[in-house]
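**Student:** Sharing a structure, written as structure tokens. Questions coming.
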Amino acid sequence: MKRKKVLFVCSGNTCRSPMAEHIFRAEIKKRKIKYVDSASAGIFADINGNLSIGSAACLEKLSLDYSKFKPRQLKHKMIENCYLVVCMTSEQKALLDGFSNVYSVQEIAGFEIPDPYGKGQDVYNSTAMLIQKAVDVMIEKFFVEDKN
């Protein structure tokens with residue numbers, strides 16, 4: 001069976017989309033859903049940057065390994081090669097207009113994932129909880145039938 005790749009997109013690929021990538025990957029594994037993987041990219045990524053300290057703290061709290069993570073710049077080819085592309089906001093989705101596999105978290109889960117960049121750890125923790133809720137809804141909507 002061909003692998004289904006889910007790509008999470010945010011602005012810089014240092015806060016929200018990396019958390020979504022790793023939380024989604026852990027949930028897929030926990031639920032024993034096969035042939036699905038995740039990645040992330042940023043619309044305006046600094047490829048020489050790093051995962052934000054706040055996001056790193058959230059992933060560490062969840063015991064998720066992010067040691068191989070590096071920010072990536074979003075490219076059209078990435079979108080074309082994915083089963084599902086999930087933008088953290090409707091504005092980000094609007095920038096990717098024209099691709100039928102691109103959704104916003106708003107369309108999938110009914111809420112947006114606000115950018116925690118530059119804010120306190122409590123905001124990052126709230127963002128991680130929102131991402132977890134969105135991931136749960138996404139898995140139910142798109143992957144629950146793929147368990148076997």
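The way I read the labels, and the way they are meant: chains A, B, ... in the order of the structure tokens, residue 1 as the first residue of every chain, and ligand 1 as the first ligand shown, with later ones counted on from there.
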Using only C-alpha atoms, which residues sit within 12 Å of Gly98 of chain A once same-chain residues fewer than 4 positions away are excluded, as a list in words?
**Tutor:** His76, Ile79, Glu80, Lys93, Ala94, Val102 and Tyr103 of chain A
**Student:** For segment 39-46 of chain A, please output as a PDB file with N, CA and C atoms, in the first residue's frame all residues within 12 Å (counting only C-alpha atoms; exclusion window: fewer than 3 positions along the same chain).
**Tutor:**
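Everything below was put into part37.pdb:
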```
ATOM      1  N   LYS A   4       0.665   7.398   2.798  1.00  0.00           N
ATOM      2  CA  LYS A   4      -0.051   8.668   2.736  1.00  0.00           C
ATOM      3  C   LYS A   4       0.725   9.651   3.599  1.00  0.00           C
ATOM      4  N   LYS A   5       1.174  10.723   2.976  1.00  0.00           N
ATOM      5  CA  LYS A   5       1.946  11.724   3.709  1.00  0.00           C
ATOM      6  C   LYS A   5       1.061  12.912   4.025  1.00  0.00           C
ATOM      7  N   VAL A   6       1.148  13.360   5.280  1.00  0.00           N
ATOM      8  CA  VAL A   6       0.445  14.544   5.734  1.00  0.00           C
ATOM      9  C   VAL A   6       1.491  15.621   5.975  1.00  0.00           C
ATOM     10  N   LEU A   7       1.275  16.776   5.377  1.00  0.00           N
ATOM     11  CA  LEU A   7       2.197  17.900   5.521  1.00  0.00           C
ATOM     12  C   LEU A   7       1.505  19.005   6.300  1.00  0.00           C
ATOM     13  N   PHE A   8       2.118  19.414   7.406  1.00  0.00           N
ATOM     14  CA  PHE A   8       1.602  20.513   8.214  1.00  0.00           C
ATOM     15  C   PHE A   8       2.348  21.784   7.836  1.00  0.00           C
ATOM     16  N   VAL A   9       1.595  22.868   7.651  1.00  0.00           N
ATOM     17  CA  VAL A   9       2.179  24.122   7.175  1.00  0.00           C
ATOM     18  C   VAL A   9       1.829  25.257   8.129  1.00  0.00           C
ATOM     19  N   CYS A  10       2.846  26.057   8.445  1.00  0.00           N
ATOM     20  CA  CYS A  10       2.635  27.311   9.172  1.00  0.00           C
ATOM     21  C   CYS A  10       3.555  28.348   8.548  1.00  0.00           C
ATOM     22  N   SER A  11       3.734  29.459   9.205  1.00  0.00           N
ATOM     23  CA  SER A  11       4.532  30.536   8.614  1.00  0.00           C
ATOM     24  C   SER A  11       6.011  30.204   8.543  1.00  0.00           C
ATOM     25  N   GLY A  12       6.629  29.947   9.696  1.00  0.00           N
ATOM     26  CA  GLY A  12       8.081  29.803   9.729  1.00  0.00           C
ATOM     27  C   GLY A  12       8.611  28.403   9.929  1.00  0.00           C
ATOM     28  N   ASN A  13       7.734  27.430  10.211  1.00  0.00           N
ATOM     29  CA  ASN A  13       8.127  26.040  10.460  1.00  0.00           C
ATOM     30  C   ASN A  13       9.069  25.932  11.661  1.00  0.00           C
ATOM     31  N   THR A  14       8.779  26.751  12.694  1.00  0.00           N
ATOM     32  CA  THR A  14       9.566  26.652  13.921  1.00  0.00           C
ATOM     33  C   THR A  14       8.686  26.458  15.160  1.00  0.00           C
ATOM     34  N   CYS A  15       7.390  26.658  15.047  1.00  0.00           N
ATOM     35  CA  CYS A  15       6.512  26.558  16.220  1.00  0.00           C
ATOM     36  C   CYS A  15       5.375  25.553  16.007  1.00  0.00           C
ATOM     37  N   ARG A  16       4.337  25.969  15.270  1.00  0.00           N
ATOM     38  CA  ARG A  16       3.118  25.167  15.159  1.00  0.00           C
ATOM     39  C   ARG A  16       3.255  23.928  14.297  1.00  0.00           C
ATOM     40  N   SER A  17       3.718  24.084  13.068  1.00  0.00           N
ATOM     41  CA  SER A  17       3.756  22.915  12.179  1.00  0.00           C
ATOM     42  C   SER A  17       4.703  21.820  12.667  1.00  0.00           C
ATOM     43  N   PRO A  18       5.859  22.144  13.269  1.00  0.00           N
ATOM     44  CA  PRO A  18       6.679  21.053  13.813  1.00  0.00           C
ATOM     45  C   PRO A  18       5.988  20.323  14.968  1.00  0.00           C
ATOM     46  N   MET A  19       5.274  21.080  15.822  1.00  0.00           N
ATOM     47  CA  MET A  19       4.537  20.405  16.894  1.00  0.00           C
ATOM     48  C   MET A  19       3.470  19.497  16.297  1.00  0.00           C
ATOM     49  N   ALA A  20       2.758  19.990  15.292  1.00  0.00           N
ATOM     50  CA  ALA A  20       1.719  19.180  14.651  1.00  0.00           C
ATOM     51  C   ALA A  20       2.315  17.930  13.999  1.00  0.00           C
ATOM     52  N   GLU A  21       3.433  18.088  13.314  1.00  0.00           N
ATOM     53  CA  GLU A  21       4.108  16.946  12.678  1.00  0.00           C
ATOM     54  C   GLU A  21       4.404  15.854  13.701  1.00  0.00           C
ATOM     55  N   HIS A  22       4.991  16.221  14.816  1.00  0.00           N
ATOM     56  CA  HIS A  22       5.414  15.234  15.807  1.00  0.00           C
ATOM     57  C   HIS A  22       4.235  14.677  16.615  1.00  0.00           C
ATOM     58  N   ILE A  23       3.266  15.506  16.954  1.00  0.00           N
ATOM     59  CA  ILE A  23       2.082  15.029  17.680  1.00  0.00           C
ATOM     60  C   ILE A  23       1.289  14.075  16.792  1.00  0.00           C
ATOM     61  N   PHE A  24       1.105  14.434  15.522  1.00  0.00           N
ATOM     62  CA  PHE A  24       0.386  13.574  14.591  1.00  0.00           C
ATOM     63  C   PHE A  24       1.091  12.223  14.440  1.00  0.00           C
ATOM     64  N   ARG A  25       2.397  12.259  14.243  1.00  0.00           N
ATOM     65  CA  ARG A  25       3.169  11.023  14.069  1.00  0.00           C
ATOM     66  C   ARG A  25       3.008  10.099  15.284  1.00  0.00           C
ATOM     67  N   VAL A  36       0.954   5.846   7.019  1.00  0.00           N
ATOM     68  CA  VAL A  36       0.744   7.283   7.122  1.00  0.00           C
ATOM     69  C   VAL A  36       1.961   7.885   7.815  1.00  0.00           C
ATOM     70  N   GLY A  49      17.192  28.232  10.659  1.00  0.00           N
ATOM     71  CA  GLY A  49      16.657  28.409  12.004  1.00  0.00           C
ATOM     72  C   GLY A  49      16.578  27.097  12.762  1.00  0.00           C
ATOM     73  N   ASN A  50      15.907  27.144  13.893  1.00  0.00           N
ATOM     74  CA  ASN A  50      15.728  25.973  14.749  1.00  0.00           C
ATOM     75  C   ASN A  50      14.301  25.932  15.266  1.00  0.00           C
ATOM     76  N   LEU A  51      13.953  24.818  15.825  1.00  0.00           N
ATOM     77  CA  LEU A  51      12.678  24.698  16.512  1.00  0.00           C
ATOM     78  C   LEU A  51      12.659  25.716  17.648  1.00  0.00           C
ATOM     79  N   SER A  52      11.539  26.404  17.832  1.00  0.00           N
ATOM     80  CA  SER A  52      11.463  27.400  18.904  1.00  0.00           C
ATOM     81  C   SER A  52      11.615  26.720  20.263  1.00  0.00           C
ATOM     82  N   TYR A  66      12.437  15.215  18.745  1.00  0.00           N
ATOM     83  CA  TYR A  66      12.495  16.166  17.628  1.00  0.00           C
ATOM     84  C   TYR A  66      13.947  16.417  17.216  1.00  0.00           C
ATOM     85  N   LYS A  68      15.975  15.348  15.067  1.00  0.00           N
ATOM     86  CA  LYS A  68      16.339  15.430  13.647  1.00  0.00           C
ATOM     87  C   LYS A  68      15.616  16.557  12.922  1.00  0.00           C
ATOM     88  N   PHE A  69      14.828  17.336  13.633  1.00  0.00           N
ATOM     89  CA  PHE A  69      14.035  18.380  12.994  1.00  0.00           C
ATOM     90  C   PHE A  69      14.879  19.558  12.536  1.00  0.00           C
ATOM     91  N   LYS A  70      14.618  20.017  11.322  1.00  0.00           N
ATOM     92  CA  LYS A  70      15.180  21.253  10.770  1.00  0.00           C
ATOM     93  C   LYS A  70      14.053  21.938   9.988  1.00  0.00           C
ATOM     94  N   PRO A  71      13.909  23.255  10.140  1.00  0.00           N
ATOM     95  CA  PRO A  71      12.880  23.963   9.371  1.00  0.00           C
ATOM     96  C   PRO A  71      13.076  23.781   7.857  1.00  0.00           C
ATOM     97  N   ARG A  72      11.953  23.648   7.156  1.00  0.00           N
ATOM     98  CA  ARG A  72      11.992  23.481   5.701  1.00  0.00           C
ATOM     99  C   ARG A  72      11.088  24.511   5.046  1.00  0.00           C
ATOM    100  N   GLN A  73      11.542  24.997   3.906  1.00  0.00           N
ATOM    101  CA  GLN A  73      10.757  25.918   3.083  1.00  0.00           C
ATOM    102  C   GLN A  73       9.740  25.117   2.281  1.00  0.00           C
ATOM    103  N   LEU A  74       8.488  25.532   2.308  1.00  0.00           N
ATOM    104  CA  LEU A  74       7.442  24.879   1.537  1.00  0.00           C
ATOM    105  C   LEU A  74       7.715  25.037   0.042  1.00  0.00           C
ATOM    106  N   LYS A  75       7.552  23.939  -0.695  1.00  0.00           N
ATOM    107  CA  LYS A  75       7.699  23.941  -2.155  1.00  0.00           C
ATOM    108  C   LYS A  75       6.476  23.271  -2.776  1.00  0.00           C
ATOM    109  N   HIS A  76       6.152  23.691  -3.983  1.00  0.00           N
ATOM    110  CA  HIS A  76       4.982  23.125  -4.676  1.00  0.00           C
ATOM    111  C   HIS A  76       5.058  21.603  -4.758  1.00  0.00           C
ATOM    112  N   LYS A  77       6.237  21.077  -5.018  1.00  0.00           N
ATOM    113  CA  LYS A  77       6.409  19.628  -5.155  1.00  0.00           C
ATOM    114  C   LYS A  77       5.986  18.899  -3.877  1.00  0.00           C
ATOM    115  N   MET A  78       6.279  19.504  -2.722  1.00  0.00           N
ATOM    116  CA  MET A  78       5.869  18.897  -1.444  1.00  0.00           C
ATOM    117  C   MET A  78       4.349  18.753  -1.392  1.00  0.00           C
ATOM    118  N   ILE A  79       3.654  19.813  -1.785  1.00  0.00           N
ATOM    119  CA  ILE A  79       2.188  19.796  -1.758  1.00  0.00           C
ATOM    120  C   ILE A  79       1.663  18.730  -2.710  1.00  0.00           C
ATOM    121  N   ASN A  81       3.008  16.034  -3.674  1.00  0.00           N
ATOM    122  CA  ASN A  81       3.339  14.670  -3.264  1.00  0.00           C
ATOM    123  C   ASN A  81       2.638  14.222  -1.984  1.00  0.00           C
ATOM    124  N   CYS A  82       1.768  15.053  -1.444  1.00  0.00           N
ATOM    125  CA  CYS A  82       1.104  14.716  -0.186  1.00  0.00           C
ATOM    126  C   CYS A  82      -0.351  14.317  -0.402  1.00  0.00           C
ATOM    127  N   TYR A  83      -0.793  13.458   0.463  1.00  0.00           N
ATOM    128  CA  TYR A  83      -2.199  13.069   0.517  1.00  0.00           C
ATOM    129  C   TYR A  83      -3.031  14.226   1.091  1.00  0.00           C
ATOM    130  N   LEU A  84      -2.467  14.861   2.115  1.00  0.00           N
ATOM    131  CA  LEU A  84      -3.183  15.900   2.835  1.00  0.00           C
ATOM    132  C   LEU A  84      -2.196  16.968   3.282  1.00  0.00           C
ATOM    133  N   VAL A  85      -2.547  18.231   3.057  1.00  0.00           N
ATOM    134  CA  VAL A  85      -1.744  19.367   3.512  1.00  0.00           C
ATOM    135  C   VAL A  85      -2.640  20.176   4.446  1.00  0.00           C
ATOM    136  N   VAL A  86      -2.154  20.406   5.657  1.00  0.00           N
ATOM    137  CA  VAL A  86      -2.961  21.082   6.668  1.00  0.00           C
ATOM    138  C   VAL A  86      -2.273  22.364   7.113  1.00  0.00           C
ATOM    139  N   CYS A  87      -2.938  23.489   6.833  1.00  0.00           N
ATOM    140  CA  CYS A  87      -2.435  24.809   7.229  1.00  0.00           C
ATOM    141  C   CYS A  87      -3.012  25.176   8.588  1.00  0.00           C
ATOM    142  N   MET A  88      -2.216  25.842   9.394  1.00  0.00           N
ATOM    143  CA  MET A  88      -2.641  26.217  10.739  1.00  0.00           C
ATOM    144  C   MET A  88      -3.721  27.299  10.735  1.00  0.00           C
ATOM    145  N   THR A  89      -3.756  28.135   9.675  1.00  0.00           N
ATOM    146  CA  THR A  89      -4.768  29.191   9.588  1.00  0.00           C
ATOM    147  C   THR A  89      -5.398  29.228   8.198  1.00  0.00           C
ATOM    148  N   GLU A  91      -5.718  31.939   6.485  1.00  0.00           N
ATOM    149  CA  GLU A  91      -4.897  32.840   5.668  1.00  0.00           C
ATOM    150  C   GLU A  91      -3.771  32.066   4.973  1.00  0.00           C
ATOM    151  N   GLN A  92      -3.169  31.142   5.690  1.00  0.00           N
ATOM    152  CA  GLN A  92      -2.110  30.326   5.081  1.00  0.00           C
ATOM    153  C   GLN A  92      -2.680  29.463   3.970  1.00  0.00           C
ATOM    154  N   LYS A  93      -3.850  28.904   4.207  1.00  0.00           N
ATOM    155  CA  LYS A  93      -4.486  28.089   3.162  1.00  0.00           C
ATOM    156  C   LYS A  93      -4.760  28.933   1.924  1.00  0.00           C
ATOM    157  N   ALA A  94      -5.211  30.164   2.114  1.00  0.00           N
ATOM    158  CA  ALA A  94      -5.510  31.045   0.990  1.00  0.00           C
ATOM    159  C   ALA A  94      -4.280  31.286   0.123  1.00  0.00           C
ATOM    160  N   LEU A  95      -3.106  31.302   0.728  1.00  0.00           N
ATOM    161  CA  LEU A  95      -1.865  31.471  -0.044  1.00  0.00           C
ATOM    162  C   LEU A  95      -1.569  30.263  -0.930  1.00  0.00           C
ATOM    163  N   LEU A  96      -2.176  29.118  -0.596  1.00  0.00           N
ATOM    164  CA  LEU A  96      -1.944  27.884  -1.353  1.00  0.00           C
ATOM    165  C   LEU A  96      -3.158  27.523  -2.202  1.00  0.00           C
TER     166      LEU A  96
END
```
**Student:** Record the distance separating atom CA of Ile108 of chain A and atom CA of Gly120 of chain A, expressed in Å with one decimal.
**Tutor:** 27.0 Å
**Student:** Among chain A, which residues does DSSP mark as strand (DSSP E or B) when it is run on the backbone? Keep the chain and numbering as in the structure and answer as an NGL selection string.
**Tutor:** :A and (4-10 or 36-42 or 73 or 84-87 or 102-104)
**Student:** In Å to one decimal, how far is atom CA of Pro114 of chain A from atom CA of Leu130 of chain A?
**Tutor:**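 One can read the atom CA of Leu130 of chain A to atom CA of Pro114 of chain A distance as 9.3 Å.
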**Student:** Tell me which protein, DNA and RNA residues are within 10 Å of Phe111 of chain A, counting only C-alpha atoms, leaving out same-chain ones fewer than 4 positions away, and put them as number ranges by chain.
**Tutor:** A: 88-90, 104-107, 130, 133-134
**Student:** With only C-alpha atoms as the counted atoms, please give the residues lying no more than 12 Å from Gln121 of chain A, apart from itself and same-chain residues fewer than 5 positions off, as a ChimeraX atom specification.
**Tutor:** /A:15,52-58,61,116,126-128
**Student:** I'd like the interatomic distance between atom CA of Ser67 of chain A and atom CA of Ile113 of chain A, to a tenth of an Å.
**Tutor:** 23.6 Å
